[in-house]
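As stored in coords-v6.txt (compact mmCIF, C-alpha atoms):
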```txt
# COMPACT_ATOMS: atom_id res chain seq x y z
CA MET A 1 29.78 -22.13 -27.82
CA THR A 2 30.36 -20.61 -24.39
CA ALA A 3 29.05 -22.69 -21.51
CA ARG A 4 26.62 -20.96 -19.19
CA ALA A 5 27.68 -20.41 -15.61
CA PRO A 6 25.79 -22.63 -13.18
CA ARG A 7 22.76 -20.92 -11.65
CA ILE A 8 23.18 -20.22 -7.96
CA ARG A 9 20.23 -21.45 -5.93
CA VAL A 10 19.22 -19.04 -3.16
CA GLN A 11 18.73 -20.70 0.22
CA ARG A 12 15.40 -19.36 1.48
CA ARG A 13 14.67 -18.74 5.15
CA PRO A 14 11.81 -17.51 7.36
CA VAL A 15 11.72 -13.72 7.41
CA HIS A 16 8.97 -11.81 9.24
CA GLY A 17 8.28 -8.11 8.96
CA VAL A 18 7.41 -5.20 6.70
CA LEU A 19 9.73 -3.53 4.22
CA LEU A 20 8.73 -0.01 3.23
CA LEU A 21 9.97 0.20 -0.33
CA ASP A 22 10.26 3.40 -2.34
CA LYS A 23 9.28 1.79 -5.63
CA PRO A 24 11.02 3.24 -8.68
CA LEU A 25 9.32 4.32 -11.89
CA GLY A 26 8.88 1.69 -14.58
CA LEU A 27 8.83 -1.32 -12.28
CA SER A 28 5.71 -3.33 -11.53
CA SER A 29 4.79 -3.99 -7.91
CA ASN A 30 5.30 -7.72 -8.38
CA ASP A 31 8.74 -7.27 -9.95
CA ALA A 32 9.74 -5.05 -7.02
CA LEU A 33 8.43 -7.65 -4.57
CA GLN A 34 10.31 -10.52 -6.21
CA LYS A 35 13.56 -8.52 -6.23
CA ALA A 36 13.25 -7.67 -2.53
CA LYS A 37 12.26 -11.24 -1.70
CA TRP A 38 15.39 -12.51 -3.46
CA LEU A 39 17.63 -9.98 -1.69
CA LEU A 40 16.24 -10.98 1.72
CA ARG A 41 16.20 -14.72 0.85
CA ALA A 42 12.65 -14.79 2.23
CA GLU A 43 10.45 -17.87 2.04
CA LYS A 44 7.13 -16.02 1.86
CA ALA A 45 6.27 -12.52 0.67
CA GLY A 46 3.42 -10.42 -0.65
CA HIS A 47 2.57 -6.78 -1.30
CA THR A 48 -0.31 -4.65 -0.06
CA GLY A 49 -1.89 -3.77 -3.39
CA THR A 50 -0.33 -2.76 -6.66
CA LEU A 51 1.26 0.58 -7.44
CA ASP A 52 1.20 1.48 -11.13
CA PRO A 53 4.55 1.02 -12.96
CA LEU A 54 4.38 4.72 -13.91
CA ALA A 55 4.11 5.68 -10.23
CA SER A 56 6.86 5.77 -7.64
CA GLY A 57 6.66 5.84 -3.88
CA VAL A 58 5.51 3.92 -0.84
CA LEU A 59 4.95 0.21 -1.43
CA PRO A 60 4.80 -1.82 1.80
CA LEU A 61 6.10 -5.35 1.23
CA CYS A 62 5.08 -8.06 3.68
CA PHE A 63 7.23 -11.01 4.67
CA GLY A 64 6.26 -14.14 6.56
CA ALA A 65 3.68 -13.50 9.29
CA ALA A 66 3.09 -9.95 8.00
CA THR A 67 1.37 -11.38 4.90
CA LYS A 68 -1.56 -12.34 7.15
CA PHE A 69 -2.35 -8.64 7.63
CA SER A 70 -1.57 -7.29 4.14
CA ALA A 71 -5.28 -7.00 3.28
CA LEU A 72 -5.63 -4.32 5.96
CA GLN A 73 -3.55 -1.99 3.78
CA LEU A 74 -5.76 -2.66 0.75
CA ASP A 75 -8.64 -0.84 2.45
CA ALA A 76 -6.50 1.93 3.92
CA PRO A 77 -6.64 5.52 2.60
CA LYS A 78 -3.70 6.56 0.44
CA THR A 79 -2.02 9.88 -0.31
CA TYR A 80 -0.52 10.83 -3.66
CA GLU A 81 1.40 13.73 -5.12
CA ALA A 82 0.63 14.21 -8.81
CA ILE A 83 1.01 16.67 -11.67
CA ALA A 84 -1.54 16.96 -14.47
CA LEU A 85 -0.46 18.71 -17.67
CA LEU A 86 -3.25 21.00 -18.87
CA GLY A 87 -4.44 21.33 -22.45
CA VAL A 88 -3.65 17.80 -23.65
CA THR A 89 -5.70 14.61 -23.30
CA THR A 90 -4.36 11.13 -24.08
CA THR A 91 -5.77 7.67 -24.68
CA THR A 92 -4.54 6.40 -21.31
CA GLY A 93 -4.93 9.50 -19.16
CA ASP A 94 -1.16 9.61 -18.64
CA ALA A 95 2.02 10.29 -20.58
CA GLU A 96 2.19 6.79 -22.08
CA GLY A 97 -0.91 7.24 -24.23
CA GLU A 98 -1.35 8.78 -27.65
CA VAL A 99 -2.53 12.37 -27.81
CA LEU A 100 -6.27 12.63 -28.37
CA GLN A 101 -6.77 16.38 -28.32
CA GLU A 102 -4.82 19.57 -27.70
CA ARG A 103 -6.52 22.75 -26.55
CA PRO A 104 -5.14 26.18 -25.65
CA VAL A 105 -4.87 27.02 -21.96
CA ASP A 106 -5.75 30.53 -20.87
CA ALA A 107 -3.55 30.94 -17.80
CA ALA A 108 -5.40 34.14 -16.90
CA GLN A 109 -8.53 32.04 -16.33
CA LEU A 110 -6.75 29.75 -13.84
CA THR A 111 -7.35 32.03 -10.90
CA PRO A 112 -7.03 30.89 -7.27
CA GLU A 113 -10.82 31.20 -7.02
CA ARG A 114 -11.37 28.87 -9.97
CA LEU A 115 -8.90 26.32 -8.62
CA ALA A 116 -10.63 26.52 -5.24
CA ALA A 117 -13.99 25.82 -6.91
CA VAL A 118 -12.60 22.75 -8.72
CA GLN A 119 -10.93 21.61 -5.51
CA ALA A 120 -14.27 21.79 -3.69
CA GLN A 121 -16.05 20.03 -6.57
CA PHE A 122 -13.77 16.99 -6.33
CA THR A 123 -13.48 16.75 -2.54
CA GLY A 124 -15.65 14.30 -0.63
CA ALA A 125 -17.76 11.53 -2.17
CA ILE A 126 -17.43 11.50 -5.96
CA ARG A 127 -18.09 9.04 -8.78
CA GLN A 128 -15.47 7.87 -11.24
CA VAL A 129 -15.68 5.86 -14.44
CA PRO A 130 -12.67 3.48 -14.33
CA PRO A 131 -10.23 3.99 -17.22
CA MET A 132 -10.02 1.45 -20.03
CA HIS A 133 -6.30 1.13 -19.36
CA SER A 134 -6.74 -0.51 -15.97
CA ALA A 135 -6.54 -4.01 -14.47
CA LEU A 136 -10.27 -4.17 -13.66
CA LYS A 137 -11.86 -7.21 -15.26
CA LYS A 138 -14.93 -7.69 -17.41
CA ASP A 139 -15.97 -11.23 -18.31
CA GLY A 140 -12.68 -12.49 -16.89
CA LYS A 141 -10.56 -10.21 -19.06
CA ALA A 142 -8.63 -7.11 -17.92
CA LEU A 143 -9.89 -3.82 -19.33
CA TYR A 144 -6.45 -2.93 -20.67
CA GLU A 145 -6.63 -6.05 -22.88
CA TYR A 146 -9.80 -4.71 -24.51
CA ALA A 147 -8.16 -1.29 -24.83
CA ARG A 148 -5.09 -2.72 -26.58
CA ALA A 149 -7.41 -4.46 -29.04
CA GLY A 150 -9.17 -1.15 -29.74
CA VAL A 151 -12.39 -2.23 -28.02
CA GLU A 152 -14.24 0.14 -25.69
CA VAL A 153 -16.49 -1.54 -23.13
CA GLU A 154 -19.06 0.01 -20.84
CA ARG A 155 -17.82 0.64 -17.30
CA PRO A 156 -20.21 1.59 -14.53
CA ALA A 157 -19.21 4.58 -12.43
CA ARG A 158 -17.89 3.76 -8.96
CA ASP A 159 -18.19 5.63 -5.69
CA VAL A 160 -14.88 6.78 -4.20
CA THR A 161 -13.98 9.33 -1.55
CA ILE A 162 -11.46 12.14 -1.79
CA HIS A 163 -10.70 12.79 1.87
CA ALA A 164 -8.49 15.80 1.17
CA LEU A 165 -7.40 17.62 -1.98
CA ASN A 166 -4.98 20.47 -2.45
CA LEU A 167 -4.44 22.07 -5.87
CA ALA A 168 -1.87 24.58 -7.05
CA LEU A 169 -0.98 25.99 -10.44
CA THR A 170 2.51 25.04 -11.63
CA HIS A 171 4.49 24.55 -14.84
CA THR A 172 6.41 21.65 -16.33
CA GLU A 173 10.10 21.87 -17.22
CA GLN A 174 8.94 22.90 -20.70
CA ALA A 175 7.02 25.83 -19.15
CA GLN A 176 3.66 24.23 -19.91
CA PRO A 177 0.81 25.04 -17.48
CA ALA A 178 -0.05 22.22 -15.11
CA ILE A 179 -1.87 21.47 -11.89
CA LYS A 180 -0.01 20.03 -8.91
CA MET A 181 -2.21 18.08 -6.55
CA ILE A 182 -1.91 16.38 -3.18
CA VAL A 183 -4.70 13.81 -2.88
CA GLN A 184 -5.73 11.69 0.10
CA CYS A 185 -8.28 9.19 -1.16
CA SER A 186 -10.09 5.94 -0.53
CA LYS A 187 -9.12 2.65 -2.12
CA GLY A 188 -10.16 2.23 -5.72
CA THR A 189 -9.52 5.88 -6.65
CA TYR A 190 -7.85 6.43 -10.03
CA ILE A 191 -5.64 9.52 -9.88
CA ARG A 192 -5.36 9.49 -13.68
CA THR A 193 -9.14 9.76 -13.92
CA LEU A 194 -9.19 12.48 -11.28
CA GLY A 195 -6.68 14.48 -13.33
CA GLU A 196 -8.72 14.00 -16.51
CA ASP A 197 -11.97 14.98 -14.80
CA MET A 198 -10.44 18.12 -13.28
CA GLY A 199 -9.01 19.06 -16.68
CA ALA A 200 -12.49 18.69 -18.16
CA ALA A 201 -13.94 20.85 -15.37
CA LEU A 202 -11.36 23.54 -16.21
CA GLY A 203 -12.42 23.36 -19.87
CA CYS A 204 -9.02 22.49 -21.33
CA GLY A 205 -8.46 18.78 -20.61
CA ALA A 206 -5.47 17.25 -18.87
CA HIS A 207 -3.40 14.12 -18.45
CA LEU A 208 -1.10 12.92 -15.68
CA VAL A 209 2.64 13.36 -16.15
CA PHE A 210 3.82 12.59 -12.59
CA LEU A 211 2.49 10.32 -9.84
CA ARG A 212 4.08 9.48 -6.50
CA ARG A 213 2.47 7.75 -3.53
CA ILE A 214 3.68 9.45 -0.37
CA GLU A 215 1.61 7.59 2.25
CA THR A 216 -0.60 4.55 2.67
CA GLY A 217 -2.43 3.56 5.83
CA GLY A 218 -0.22 5.70 8.05
CA LEU A 219 3.02 4.47 6.43
CA GLY A 220 4.95 7.27 4.72
CA LEU A 221 8.17 7.88 2.83
CA ASP A 222 10.06 8.22 6.11
CA GLY A 223 11.65 4.85 6.66
CA CYS A 224 11.37 3.80 3.02
CA VAL A 225 14.35 2.22 1.29
CA THR A 226 15.09 1.95 -2.42
CA LEU A 227 15.97 -1.27 -4.21
CA ALA A 228 19.33 0.23 -5.18
CA ALA A 229 20.14 0.96 -1.53
CA LEU A 230 18.98 -2.52 -0.51
CA GLU A 231 21.24 -4.12 -3.12
CA ALA A 232 24.26 -2.22 -1.77
CA MET A 233 23.71 -3.50 1.78
CA ASP A 234 24.99 -6.64 3.41
CA GLU A 235 22.54 -9.21 4.71
CA ALA A 236 22.38 -7.89 8.27
CA GLN A 237 21.70 -4.34 7.05
CA ARG A 238 18.86 -5.57 4.82
CA LEU A 239 17.21 -7.37 7.71
CA ALA A 240 17.60 -4.25 9.85
CA CYS A 241 15.44 -2.38 7.33
CA LEU A 242 12.45 -4.54 8.20
CA GLN A 243 9.80 -3.02 10.41
CA PRO A 244 7.91 -5.30 12.84
CA VAL A 245 4.78 -7.11 11.71
CA ASP A 246 2.55 -4.80 13.75
CA ALA A 247 3.65 -1.82 11.64
CA LEU A 248 0.61 -2.82 9.57
CA LEU A 249 -1.70 -2.52 12.56
CA GLN A 250 -1.76 1.24 13.00
CA GLY A 251 -5.18 2.22 14.27
CA HIS A 252 -5.65 -1.08 16.14
CA ALA A 253 -6.21 -0.73 19.88
CA PRO A 254 -3.57 -2.74 21.80
CA VAL A 255 -4.69 -5.50 24.18
CA THR A 256 -2.13 -7.36 26.31
CA LEU A 257 -2.84 -10.80 27.76
CA GLY A 258 -1.17 -12.69 30.56
CA GLU A 259 0.48 -16.04 29.92
CA GLN A 260 -2.56 -18.29 30.41
CA ASP A 261 -5.01 -16.03 28.55
CA ALA A 262 -2.48 -15.66 25.70
CA GLY A 263 -2.25 -19.42 25.30
CA ARG A 264 -6.00 -19.83 25.20
CA PHE A 265 -6.43 -16.91 22.81
CA LEU A 266 -3.93 -18.54 20.43
CA SER A 267 -6.09 -21.66 20.54
CA GLY A 268 -9.06 -19.62 19.34
CA VAL A 269 -10.78 -19.42 22.74
CA ARG A 270 -12.59 -16.17 23.49
CA ARG A 271 -11.32 -14.24 26.49
CA ARG A 272 -13.37 -11.99 28.75
CA GLY A 273 -12.08 -8.78 30.33
CA ALA A 274 -12.78 -5.14 31.09
CA TRP A 275 -12.14 -4.00 27.53
CA ALA A 276 -14.18 -1.41 25.71
CA ASP A 277 -15.88 -2.53 22.52
CA ALA A 278 -13.49 -2.19 19.57
CA SER A 279 -13.72 -3.37 15.97
CA ALA A 280 -9.96 -3.77 15.59
CA VAL A 281 -7.47 -4.73 18.30
CA ALA A 282 -3.86 -5.93 18.15
CA VAL A 283 -3.37 -8.64 20.77
CA TYR A 284 -0.03 -9.22 22.53
CA GLY A 285 1.34 -11.68 25.05
CA ASP A 286 3.11 -9.96 27.92
CA ARG A 287 5.92 -12.41 28.75
CA PRO A 288 7.63 -12.33 26.42
CA ARG A 289 6.14 -9.34 24.64
CA ALA A 290 4.91 -10.76 21.34
CA LEU A 291 2.19 -10.08 18.82
CA LEU A 292 -0.35 -12.92 18.84
CA GLY A 293 -2.80 -11.68 16.23
CA VAL A 294 -5.73 -9.35 15.68
CA GLY A 295 -9.31 -9.50 16.82
CA HIS A 296 -12.23 -7.46 18.06
CA VAL A 297 -13.98 -6.83 21.38
CA THR A 298 -17.74 -7.14 21.77
CA GLN A 299 -19.43 -6.75 25.16
CA GLY A 300 -16.23 -7.52 27.02
CA GLU A 301 -15.34 -10.56 24.90
CA LEU A 302 -12.07 -10.64 22.98
CA ILE A 303 -12.60 -12.61 19.78
CA ALA A 304 -9.76 -13.63 17.45
CA ASP A 305 -9.91 -12.70 13.76
CA ARG A 306 -6.42 -13.61 12.53
CA LEU A 307 -3.73 -15.37 14.53
CA LEU A 308 -0.02 -15.94 14.17
CA SER A 309 1.12 -19.53 14.46
CA PRO A 310 3.27 -20.63 17.41
CA LEU A 311 6.14 -21.25 14.99
CA GLU A 312 5.87 -17.73 13.55
CA ILE A 313 5.87 -16.21 17.05
CA GLN A 314 8.91 -18.25 18.06
CA GLN A 315 10.83 -17.29 14.91
CA ILE A 316 10.04 -13.60 15.45
CA LEU A 317 11.19 -13.77 19.07
CA GLU A 318 14.37 -15.63 18.18
CA SER A 319 15.27 -13.04 15.54
CA ALA A 320 14.70 -10.08 17.90
CA PRO A 321 17.71 -8.39 19.52
CA ARG A 322 18.58 -9.82 22.94
CA THR A 323 17.71 -7.15 25.50
CA GLN A 324 16.80 -9.27 28.51
CA ALA A 325 17.47 -12.57 30.16
CA PRO A 326 16.23 -15.60 28.17
CA VAL A 327 12.63 -16.62 28.79
CA ASP A 328 10.49 -19.53 27.68
CA ASN A 329 9.41 -18.05 24.36
CA ALA A 330 6.78 -20.71 23.76
CA ALA A 331 5.24 -20.73 27.23
CA PHE A 332 2.04 -18.94 26.41
CA TRP A 333 0.98 -21.29 23.58
CA LYS A 334 1.64 -24.38 25.66
CA THR A 335 -0.95 -23.35 28.26
CA PRO A 336 -3.57 -26.12 28.56
CA LEU A 337 -7.18 -25.38 27.79
```

Turn this file's structure into structure tokens for me.
Amino acid sequence: MTARAPRIRVQRRPVHGVLLLDKPLGLSSNDALQKAKWLLRAEKAGHTGTLDPLASGVLPLCFGAATKFSALQLDAPKTYEAIALLGVTTTTGDAEGEVLQERPVDAAQLTPERLAAVQAQFTGAIRQVPPMHSALKKDGKALYEYARAGVEVERPARDVTIHALNLALTHTEQAQPAIKMIVQCSKGTYIRTLGEDMGAALGCGAHLVFLRRIETGGLGLDGCVTLAALEAMDEAQRLACLQPVDALLQGHAPVTLGEQDAGRFLSGVRRRGAWADASAVAVYGDRPRALLGVGHVTQGELIADRLLSPLEIQQILESAPRTQAPVDNAAFWKTPL
């Protein structure tokens, strides 16, 4: 019997930042996260909401202090590129399911005017019935578990918003008629269901055969890295792929505090200044320049919502490239109240 090689224990370390991963097909979001976490030897990591294993594309992974702001991406609008094959419906709404029905497709009826009408019908506020093959839970059990057992349960329709929709007639590699769509949508939108509903509106049915997320919350494919590319890099190159923590704070108004105000803000003390009211601000210390956390401004008061810890700030500053003379990195959180 051949003895097993001893398992190498990875020495974890504090890593802070955001990795824009181009997730491959067939891999769950959590599997992708764990692989990247292992490659970076990171102590703490999380993702910003799951991306279906049958979808590829932008999956922001958060490390260290960035995990404090991952929920912001959950609520962010997302953009997908998808292809729905016309004339065939399946049990899952995608290519993994069993065929339910096949209907002929009259390509002559798929005029630009008809596509434009369907595009208008599904743009804006719409209602969707979540698919049975989804992770939504009923009585503590995921819907896909009921589906696998052959049980159909009632699902109330949910309100979602399609911010923008662009449709075009295309064909698959097998010359089958299909609809290509670019969809910008609110959280909770099922693109599979959208494809099915549009197929029903066209009178022939449809199911999704391709799905790729190309943007989420202002973070796009530009700057994304694949797991294969990450594996081929050395440790320094992998760390260089990380974007700063505040990459997650797009849309937040920046507020910069002086040393004493920064220290008090980090202690949870409200600060007063000539700031306009804002529901979301990213707060920085000015010497050294460092993200302190996020908050909001009401009637000239800056109120903290989520703060980095002094240790996290120090670790981020120590890992940053040296571009100036050394300063007291911890000065602003040592300021007395």

Near Cys224 in chain A, counting only C-alpha atoms, which residues have an atom at most 6 Å away, once you skip same-chain residues fewer than 6 positions from it, shown as number ranges by chain?
A: 20-22

Dump as number ranges by chain all residues having an atom at most 9 Å from (4.1, -0.5, -17.1), computed in the file's coordinates with all atoms listed in the file.
A: 25-28, 52-54

In terms of all atoms listed in the file, the residue from A:Gly273, A:Gly97, A:Pro60, A:Gly188 at minimal distance from Val18 in chain A is A:Pro60

Taking (7.2, 8.6, -6.6) as a centre in this file's frame and 9 Å as the limit, can you find every polymer residue with an atom that close, using only C-alpha atoms, and give them as a ChimeraX atom specification?
/A:22-25,54-58,80-82,210-214

What does the structure give for the distance between CA of Val245 in chain A and CA of Arg272 in chain A, in Å to one decimal?
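So the answer is 25.4 Å.
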
Distance criterion (only C-alpha atoms): nearest to Gln243 in chain A out of A:Leu165, A:Leu219, A:Ala229, A:Val118:
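Between A:Leu165, A:Leu219, A:Ala229, A:Val118, the residue approaching Gln243 in chain A most closely is A:Leu219.
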
For each of A:Lys180, A:His207, A:Arg127, A:Arg12, take the minimum atom-to-atom distance to Glu102 in chain A, counting only C-alpha atoms, then give the residue where this is smallest.
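The shortest atom-to-atom distance to Glu102 in chain A comes from A:His207.
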
For Ser70 in chain A, which residue out of A:Leu291, A:Ala247, A:Met132, A:Val183 is the nearest one, using all atoms listed in the file?
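Checking each candidate against Ser70 in chain A, we get A:Ala247 as the closest.
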
Considering only C-alpha atoms, return as a list in words whatever protein or nucleic-acid residues lie within 10 Å of His163 in chain A, sequence-local ones (same chain, fewer than 2 positions apart) excluded.
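Returned residues: Pro77, Lys78, Thr79, Phe122, Thr123, Gly124, Ala125, Val160, Thr161, Leu165, Val183, Gln184, Cys185 and Ser186 of chain A.
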
Find the residues around range 230-238 of chain A up to 10 Å (all atoms listed in the file counted), leave out those fewer than 2 positions away in its own chain, and share them as a PDB file with C-alpha atoms, in the frame of the given file.
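Saved result, result_33.pdb, follows:
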```
ATOM      1  CA  LEU A  19       9.730  -3.530   4.220  1.00  0.00           C
ATOM      2  CA  LEU A  21       9.970   0.200  -0.330  1.00  0.00           C
ATOM      3  CA  LYS A  35      13.560  -8.520  -6.230  1.00  0.00           C
ATOM      4  CA  ALA A  36      13.250  -7.670  -2.530  1.00  0.00           C
ATOM      5  CA  LEU A  39      17.630  -9.980  -1.690  1.00  0.00           C
ATOM      6  CA  LEU A  40      16.240 -10.980   1.720  1.00  0.00           C
ATOM      7  CA  ARG A  41      16.200 -14.720   0.850  1.00  0.00           C
ATOM      8  CA  VAL A 225      14.350   2.220   1.290  1.00  0.00           C
ATOM      9  CA  THR A 226      15.090   1.950  -2.420  1.00  0.00           C
ATOM     10  CA  LEU A 227      15.970  -1.270  -4.210  1.00  0.00           C
ATOM     11  CA  ALA A 228      19.330   0.230  -5.180  1.00  0.00           C
ATOM     12  CA  ALA A 240      17.600  -4.250   9.850  1.00  0.00           C
ATOM     13  CA  CYS A 241      15.440  -2.380   7.330  1.00  0.00           C
ATOM     14  CA  LEU A 242      12.450  -4.540   8.200  1.00  0.00           C
TER      15      LEU A 242
END
```

Please measure the separation of CA of Thr170 in chain A and CA of Pro131 in chain A, giving the value in Å to one decimal.
25.2 Å

From A:Thr256, A:Glu312, A:Phe265, A:Ala175, residue lying nearest Arg287 in chain A [only C-alpha atoms]:
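Ranking A:Thr256, A:Glu312, A:Phe265, A:Ala175 by distance to Arg287 in chain A, first place goes to A:Thr256.
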
Best match for closeness to Thr48 in chain A among A:Val294, A:Cys204, A:Leu248, A:Val88, counting all atoms listed in the file:
A:Leu248

What is the distance, in Å and to one decimal place, between CA of Glu259 in chain A and CA of Arg271 in chain A?
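Value for the CA of Glu259 in chain A-CA of Arg271 in chain A distance: 12.4 Å.
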
Could you list, as a PyMOL selection string, every residue within 7 Å of Val99 in chain A, counting all atoms listed in the file and ignoring same-chain residues fewer than 3 positions away?
chain A and resi 88-91

Close residues, Ile303 in chain A itself excluded, 6 Å, all atoms listed in the file, min 5 positions apart in chain, as a PyMOL selection string:
chain A and resi 270+295-296

Would you tabulate, counting all atoms listed in the file, all residues of range 261-282 of chain A that have an atom at most 6 Å from an atom of range 249-254 of chain A, showing the closest pair of atoms and their distance in Å to one decimal, sorted by chain then ascending number, as CSV?
```
residue,atom,partner,partner_atom,distance
A:Ala280,CA,A:His252,CA,5.1
A:Val281,CA,A:Ala253,CA,4.5
A:Ala282,CA,A:Pro254,CA,4.9
```
